[in-house]
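Structure file start36.cif; described as mmCIF, C-alpha atoms and all ligand atoms.
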```cif
data_start
loop_
_atom_site.label_atom_id
_atom_site.label_comp_id
_atom_site.auth_asym_id
_atom_site.auth_seq_id
_atom_site.Cartn_x
_atom_site.Cartn_y
_atom_site.Cartn_z
CA MET A 1 160.91 131.30 -26.69
CA ILE A 2 158.03 130.74 -24.28
CA ILE A 3 158.49 129.67 -20.66
CA ALA A 4 155.56 128.37 -18.59
CA GLN A 5 156.03 128.82 -14.85
CA ILE A 6 154.07 126.80 -12.32
CA SER A 7 154.64 126.89 -8.56
CA ASP A 8 153.52 125.74 -5.15
CA THR A 9 151.49 122.67 -6.06
CA HIS A 10 151.89 121.37 -2.47
CA ILE A 11 150.95 117.82 -3.37
CA ALA A 12 149.76 116.02 -0.24
CA LEU A 13 148.21 112.62 0.33
CA ASN A 14 146.28 113.04 3.57
CA THR A 15 144.91 116.56 3.74
CA PRO A 16 141.17 117.18 3.20
CA ASP A 17 141.97 119.06 -0.02
CA ALA A 18 144.56 116.54 -1.32
CA ALA A 19 142.39 115.54 -4.29
CA GLN A 20 141.83 119.18 -5.25
CA ARG A 21 145.57 119.92 -5.13
CA MET A 22 146.19 116.95 -7.41
CA ARG A 23 143.44 118.11 -9.76
CA ASP A 24 144.77 121.68 -9.87
CA PHE A 25 148.21 120.38 -10.83
CA GLU A 26 146.80 118.05 -13.49
CA LEU A 27 144.62 120.81 -14.95
CA ALA A 28 147.57 123.19 -15.21
CA ILE A 29 149.70 120.63 -17.04
CA ALA A 30 146.82 119.68 -19.35
CA ASP A 31 146.25 123.37 -20.13
CA ILE A 32 149.93 123.90 -21.00
CA ASN A 33 149.83 120.79 -23.20
CA GLY A 34 146.91 122.27 -25.14
CA LEU A 35 148.56 125.62 -25.93
CA ASP A 36 149.43 126.58 -29.47
CA PRO A 37 152.25 127.39 -29.72
CA ILE A 38 153.29 125.00 -27.00
CA PRO A 39 155.75 126.53 -24.49
CA ASP A 40 159.37 125.52 -24.98
CA VAL A 41 159.82 124.69 -21.33
CA ILE A 42 158.02 124.43 -17.98
CA VAL A 43 159.72 125.54 -14.76
CA HIS A 44 158.25 124.57 -11.38
CA THR A 45 159.49 127.03 -8.76
CA GLY A 46 159.12 124.78 -5.74
CA ASP A 47 156.92 123.55 -2.95
CA ILE A 48 156.18 120.75 -5.35
CA VAL A 49 154.94 118.65 -2.44
CA HIS A 50 153.77 119.54 1.04
CA SER A 51 155.65 117.20 3.40
CA GLY A 52 158.68 116.26 1.33
CA ASN A 53 158.04 112.53 1.39
CA PRO A 54 158.73 110.09 -1.46
CA ASP A 55 155.08 109.09 -1.97
CA GLU A 56 154.15 112.70 -2.62
CA TYR A 57 157.01 113.06 -5.08
CA ALA A 58 155.87 109.92 -6.90
CA ARG A 59 152.44 111.52 -7.43
CA ALA A 60 153.94 114.85 -8.52
CA GLN A 61 156.36 113.12 -10.84
CA ALA A 62 153.54 111.13 -12.47
CA ILE A 63 151.66 114.37 -13.19
CA LEU A 64 154.74 116.14 -14.57
CA ALA A 65 155.56 113.13 -16.75
CA LYS A 66 152.45 113.98 -18.80
CA ALA A 67 153.82 117.41 -19.75
CA ARG A 68 154.74 117.77 -23.41
CA PRO A 69 157.45 120.44 -22.93
CA PRO A 70 160.57 119.58 -20.93
CA VAL A 71 160.12 120.28 -17.20
CA TYR A 72 162.67 121.65 -14.73
CA VAL A 73 162.02 121.77 -11.00
CA LEU A 74 163.65 123.47 -8.06
CA ALA A 75 163.16 123.22 -4.31
CA GLY A 76 160.83 125.21 -2.06
CA ASN A 77 160.80 125.28 1.73
CA LYS A 78 158.28 122.41 1.85
CA ASP A 79 160.45 120.24 -0.36
CA ASN A 80 163.02 117.75 0.87
CA ARG A 81 166.24 118.06 -1.11
CA ALA A 82 167.20 114.37 -0.94
CA ASN A 83 163.74 113.07 -1.85
CA LEU A 84 163.31 115.66 -4.60
CA ARG A 85 166.69 114.67 -5.98
CA ASN A 86 165.78 110.98 -5.92
CA ALA A 87 162.49 111.64 -7.69
CA PHE A 88 163.88 113.86 -10.44
CA ALA A 89 167.46 112.59 -10.85
CA PRO A 90 166.47 110.40 -13.81
CA CYS A 91 165.65 113.62 -15.73
CA GLY A 92 169.42 114.24 -15.80
CA TYR A 93 169.71 117.98 -15.08
CA LEU A 94 170.20 117.93 -11.29
CA ALA A 95 173.95 118.16 -10.82
CA SER A 96 175.33 115.95 -8.09
CA GLY A 97 178.24 116.85 -5.85
CA SER A 98 176.56 119.70 -3.97
CA ASP A 99 173.91 119.67 -1.29
CA PHE A 100 172.17 122.55 -3.00
CA ILE A 101 169.80 122.12 -5.93
CA ALA A 102 171.08 124.79 -8.31
CA TYR A 103 171.86 124.43 -12.00
CA ALA A 104 171.90 126.15 -15.39
CA ILE A 105 170.14 125.06 -18.59
CA ASP A 106 171.89 126.24 -21.76
CA ARG A 107 169.76 124.69 -24.51
CA PHE A 108 167.49 127.73 -25.08
CA PRO A 109 168.06 131.29 -26.43
CA VAL A 110 167.70 132.44 -22.81
CA ARG A 111 169.76 130.57 -20.24
CA LEU A 112 167.77 129.28 -17.29
CA ILE A 113 169.37 129.33 -13.86
CA ALA A 114 167.59 127.61 -10.96
CA LEU A 115 168.61 128.54 -7.42
CA ASP A 116 168.27 126.89 -4.04
CA THR A 117 167.06 129.40 -1.42
CA LEU A 118 166.15 126.88 1.28
CA SER A 119 167.02 127.38 4.91
CA SER A 120 167.46 124.56 7.39
CA ARG A 121 166.15 126.85 10.15
CA SER A 122 162.81 128.18 8.90
CA ASN A 123 160.37 128.47 6.00
CA LYS A 124 162.05 131.70 4.94
CA GLY A 125 164.80 131.92 2.36
CA ASP A 126 168.53 131.81 2.87
CA PHE A 127 171.48 132.42 0.56
CA CYS A 128 174.86 131.66 2.09
CA SER A 129 178.26 132.64 0.68
CA GLU A 130 178.68 129.18 -0.91
CA ARG A 131 175.48 129.72 -2.88
CA VAL A 132 176.55 133.25 -3.87
CA ARG A 133 179.82 131.83 -5.26
CA HIS A 134 177.96 129.07 -7.10
CA LEU A 135 175.51 131.56 -8.63
CA ILE A 136 178.41 133.67 -9.91
CA ASP A 137 180.05 130.54 -11.36
CA LEU A 138 176.81 129.60 -13.11
CA VAL A 139 176.44 133.14 -14.52
CA ASP A 140 180.08 133.24 -15.66
CA ALA A 141 179.94 129.84 -17.38
CA GLU A 142 178.37 131.37 -20.51
CA THR A 143 178.61 135.05 -21.39
CA THR A 144 176.69 135.51 -24.65
CA LYS A 145 173.05 134.83 -23.73
CA PRO A 146 170.54 136.62 -21.51
CA ILE A 147 169.60 134.78 -18.31
CA ALA A 148 166.29 134.07 -16.56
CA VAL A 149 166.67 133.13 -12.90
CA PHE A 150 164.15 130.99 -11.03
CA MET A 151 164.03 130.62 -7.24
CA HIS A 152 161.35 129.81 -4.69
CA HIS A 153 161.60 132.83 -2.39
CA PRO A 154 161.11 136.31 -3.91
CA PRO A 155 164.32 138.37 -3.56
CA PHE A 156 162.61 141.72 -3.11
CA GLU A 157 160.36 143.45 -0.63
CA VAL A 158 156.84 142.12 -1.20
CA THR A 159 154.23 144.78 -0.60
CA VAL A 160 151.16 142.51 -0.46
CA GLY A 161 150.41 140.08 2.34
CA PRO A 162 151.39 140.06 6.00
CA GLU A 163 155.16 139.83 5.48
CA SER A 164 157.41 141.83 3.22
CA LEU A 165 160.77 140.08 3.63
CA HIS A 166 160.87 136.41 2.70
CA PHE A 167 164.54 135.86 3.51
CA GLU A 168 165.79 135.22 7.03
CA THR A 169 168.21 138.10 6.96
CA ALA A 170 168.46 141.31 4.99
CA ASN A 171 172.12 140.45 4.43
CA ALA A 172 171.34 137.16 2.65
CA MET A 173 168.88 138.92 0.36
CA THR A 174 171.35 141.76 -0.31
CA GLU A 175 174.13 139.33 -1.29
CA LEU A 176 171.76 137.41 -3.55
CA ARG A 177 170.54 140.63 -5.20
CA ARG A 178 174.13 141.79 -5.74
CA ALA A 179 175.06 138.49 -7.42
CA LEU A 180 171.98 138.67 -9.65
CA GLN A 181 172.86 142.16 -10.86
CA TYR A 182 176.61 142.02 -11.31
CA SER A 183 176.78 140.57 -14.86
CA GLY A 184 174.05 142.76 -16.38
CA ARG A 185 172.80 139.67 -18.26
CA VAL A 186 169.99 138.58 -15.93
CA ILE A 187 166.79 139.90 -17.54
CA GLY A 188 164.13 138.34 -15.32
CA VAL A 189 163.70 136.77 -11.88
CA PHE A 190 160.77 134.43 -11.24
CA SER A 191 159.57 133.15 -7.86
CA GLY A 192 156.63 131.67 -5.93
CA HIS A 193 156.24 130.99 -2.19
CA VAL A 194 153.89 133.80 -1.14
CA HIS A 195 150.83 132.17 -2.77
CA ARG A 196 149.70 135.42 -4.34
CA ALA A 197 150.74 137.17 -7.54
CA THR A 198 152.94 140.21 -7.20
CA ALA A 199 155.96 141.84 -8.79
CA GLY A 200 159.00 143.92 -7.92
CA HIS A 201 162.57 144.55 -8.99
CA VAL A 202 166.10 143.46 -8.29
CA GLY A 203 167.83 146.71 -9.22
CA CYS A 204 166.74 147.14 -12.85
CA ILE A 205 165.76 143.50 -13.26
CA PRO A 206 161.98 142.85 -13.25
CA ALA A 207 160.99 140.18 -10.71
CA THR A 208 157.69 138.32 -10.80
CA VAL A 209 155.91 136.17 -8.24
CA LEU A 210 153.38 133.57 -9.35
CA ALA A 211 150.47 132.58 -7.10
CA CYS A 212 150.21 128.95 -6.03
CA ILE A 213 148.74 126.39 -8.40
CA ALA A 214 146.95 124.79 -5.43
CA THR A 215 143.70 126.79 -5.44
CA THR A 216 142.82 125.83 -1.87
CA LEU A 217 146.00 127.56 -0.63
CA ARG A 218 145.80 130.66 -2.80
CA LYS A 219 145.83 134.03 -1.02
CA GLY A 220 144.20 137.25 -2.10
CA LYS A 221 140.76 138.03 -3.46
CA TYR A 222 139.43 136.09 -6.42
CA PRO A 223 135.88 135.99 -7.76
CA ALA A 224 133.85 132.88 -6.84
CA SER A 225 134.05 131.67 -10.44
CA MET A 226 137.85 131.41 -10.03
CA LYS A 227 137.64 129.20 -6.95
CA ALA A 228 138.88 125.99 -8.59
CA ARG A 229 140.76 127.55 -11.49
CA PRO A 230 144.55 127.55 -11.16
CA VAL A 231 146.57 130.39 -12.66
CA TYR A 232 150.03 130.07 -14.14
CA HIS A 233 152.33 132.41 -16.07
CA LEU A 234 153.66 132.41 -19.61
CA TYR A 235 156.78 134.44 -20.33
CA ARG A 236 157.45 135.16 -23.98
CA PHE A 237 161.01 136.21 -24.77
CA ASP A 238 161.72 138.66 -27.56
CA PRO A 239 165.40 139.47 -28.25
CA ALA A 240 164.59 143.18 -28.68
CA TRP A 241 162.13 143.63 -25.82
CA GLY A 242 162.92 140.97 -23.26
CA PHE A 243 160.10 139.15 -21.48
CA SER A 244 156.39 139.85 -21.63
CA THR A 245 154.19 138.14 -19.04
CA ALA A 246 150.73 136.66 -19.50
CA ALA A 247 148.66 135.10 -16.71
CA ARG A 248 146.81 132.03 -17.91
CA ILE A 249 143.63 130.97 -16.12
CA VAL A 250 142.92 127.29 -16.66
CA ALA A 251 139.51 125.71 -16.96
CA GLY A 252 138.10 124.69 -13.58
CA SER A 253 137.49 121.22 -12.22
CA PRO A 254 134.91 119.26 -14.18
FE FE B 301 157.11 128.14 -0.02
#
```
Could you quickly redo this structure as structure tokens?
Amino acid sequence: MIIAQISDTHIALNTPDAAQRMRDFELAIADINGLDPIPDVIVHTGDIVHSGNPDEYARAQAILAKARPPVYVLAGNKDNRANLRNAFAPCGYLASGSDFIAYAIDRFPVRLIALDTLSSRSNKGDFCSERVRHLIDLVDAETTKPIAVFMHHPPFEVTVGPESLHFETANAMTELRRALQYSGRVIGVFSGHVHRATAGHVGCIPATVLACIATTLRKGKYPASMKARPVYHLYRFDPAWGFSTAARIVAGSP
């Protein structure tokens, strides 16, 4: 099984780099479509759009509609839950009945669990007791398969960049980390948000952060030749070894 992760496309309509953001997103999807073997699934780990408005989602949705593998999205701090839900509800996997956008996908050898780490107070992450309970329910709903968890905010101390903690409180992050570890079946945690690639752990679980697809917002040092070349990750699952990660650099803008 191969998972392609994309993140932080920040689609905008009125910023000076709006066209570049759109192009970066399109190039990433076109690159995934051209892979052989084609990934089984694409997961977008949030900040799909920049201002959370319906017109931005319409553009993002049109780009994602061109993807050959099935696509699952979750919410980042720049997303608007209601507008995201409206845009992607026709895809059928966003459960209704809760404010939070969190769900499990059981159709693959590895279960995918998407979490909602949004806070109403800031751009940082939050994980309240209701979300902890829901995560445990999602984990307990199937007990035979390994699990890959996707969330926007990285649930570990990030050692690159100006900030190390991307949750509002240490307690929220601790409760989330405890819930991720308790079953022993979560084998990978995948995030975005910090706009630079890094990695860490949740206990013994490897945790990866993907840089933003939007090249104009990417942090960290890249050679000039990489300026307009988005990077995304491919995770190949092997039942004996777990996940291996490959960074894929797409061709630049024409
Ligand atoms: Fe973010």
Please list as a list in words every residue within 6 Å of stretch 203-219 of chain A, counting only C-alpha atoms and excluding residues in the same chain fewer than 4 positions away.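 Non-adjacent residues within range: Ser7, Asp8, Thr9, Arg21, Asp24, Ile187, Gly188, Val189, Phe190, Ser191, Gly192, His195, Arg196, Ala197, Thr198, Ala199, Ala228 and Pro230 of chain A.
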From atom CA of A:Gly184 to atom CA of A:Met151 the spacing works out at 18.2 Å
Counting all atoms listed in the file, what are the residues, protein, DNA or RNA alike, that approach ligand FE 301 (chain B) to within 8 Å? I want them as a list in words.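 Sorted by chain and then by number, the residues are Asp8, Gly46, Asp47, Gly76, Asn77, Lys78, Asn123, Lys124, His152, His153, Gly192, His193, Val194 and His195 of chain A.
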List as a tab-separated table every residue of stretch 115-174 of chain A that is in contact with stretch 231-249 of chain A, defined as an atom at most 12 Å from one of its atoms (using all atoms listed in the file), together with the nearest atom pair and the distance in Å rounded to one decimal, sorted by chain and then rising number.
```
residue	atom	partner	partner_atom	distance
A:Lys145	CA	A:Pro239	CA	10.0
A:Pro146	CA	A:Pro239	CA	8.9
A:Ile147	CA	A:Gly242	CA	10.4
A:Ala148	CA	A:Phe243	CA	9.4
```
Find the residues around A:Arg111 up to 12 Å (all atoms listed in the file counted), leave out those fewer than 5 positions away in its own chain, and share them as a tab-separated table (two decimals) with C-alpha atoms, in the coordinates of the input.
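out00.tsv was written with the following content:
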```
chain	number	residue	atom	x	y	z
A	1	MET	CA	160.91	131.30	-26.69
A	3	ILE	CA	158.49	129.67	-20.66
A	41	VAL	CA	159.82	124.69	-21.33
A	103	TYR	CA	171.86	124.43	-12.00
A	104	ALA	CA	171.90	126.15	-15.39
A	105	ILE	CA	170.14	125.06	-18.59
A	106	ASP	CA	171.89	126.24	-21.76
A	138	LEU	CA	176.81	129.60	-13.11
A	139	VAL	CA	176.44	133.14	-14.52
A	140	ASP	CA	180.08	133.24	-15.66
A	141	ALA	CA	179.94	129.84	-17.38
A	142	GLU	CA	178.37	131.37	-20.51
A	143	THR	CA	178.61	135.05	-21.39
A	144	THR	CA	176.69	135.51	-24.65
A	145	LYS	CA	173.05	134.83	-23.73
A	146	PRO	CA	170.54	136.62	-21.51
A	147	ILE	CA	169.60	134.78	-18.31
A	148	ALA	CA	166.29	134.07	-16.56
A	149	VAL	CA	166.67	133.13	-12.90
A	150	PHE	CA	164.15	130.99	-11.03
A	185	ARG	CA	172.80	139.67	-18.26
A	186	VAL	CA	169.99	138.58	-15.93
A	187	ILE	CA	166.79	139.90	-17.54
A	188	GLY	CA	164.13	138.34	-15.32
A	237	PHE	CA	161.01	136.21	-24.77
```
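The coordinates place atom CA of A:Gln61 at 23.8 Å from atom CA of A:Ser119.
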Padding 5 Å on each side, edges along x, y and z: where is the centre of the box around the listed atoms of stretch 18-35 of chain A, and how long are its edges in Å to one decimal? Output it as AutoDock Vina command-line options.
```
--center_x 145.9 --center_y 120.6 --center_z -13.6 --size_x 18.1 --size_y 20.1 --size_z 34.6
```
Between atom CA of A:Asp137 and atom CA of A:Leu176 lies a distance of 13.3 Å
Shell around A:His44 at 6 Å using all atoms listed in the file, local window under 3 positions removed, as a PyMOL selection string: chain A and resi 5-7+73
Selected residue of minimal separation from A:Arg59 among A:Ile32, A:Leu13, A:Leu165, A:Ile42, counting all atoms listed in the file: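 With all atoms listed in the file as the atom set, the closest residue is A:Leu13.
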Nearest candidate to A:Arg133 (options A:Ala251, A:Ala87, A:Ala102, A:Val158; using all atoms listed in the file):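 Closest residue, counting all atoms listed in the file: A:Ala102.
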From the set A:Ile11, A:Val202, A:Met22, A:Leu64, which residue has the shortest atom-to-atom contact distance to A:Ile48, counting all atoms listed in the file? A:Ile11
Residue with the minimum atom-to-atom distance to A:Ser98, picked from A:Ala4, A:Ala18, A:Ala82, A:Val110 with all atoms listed in the file counted, is A:Ala82
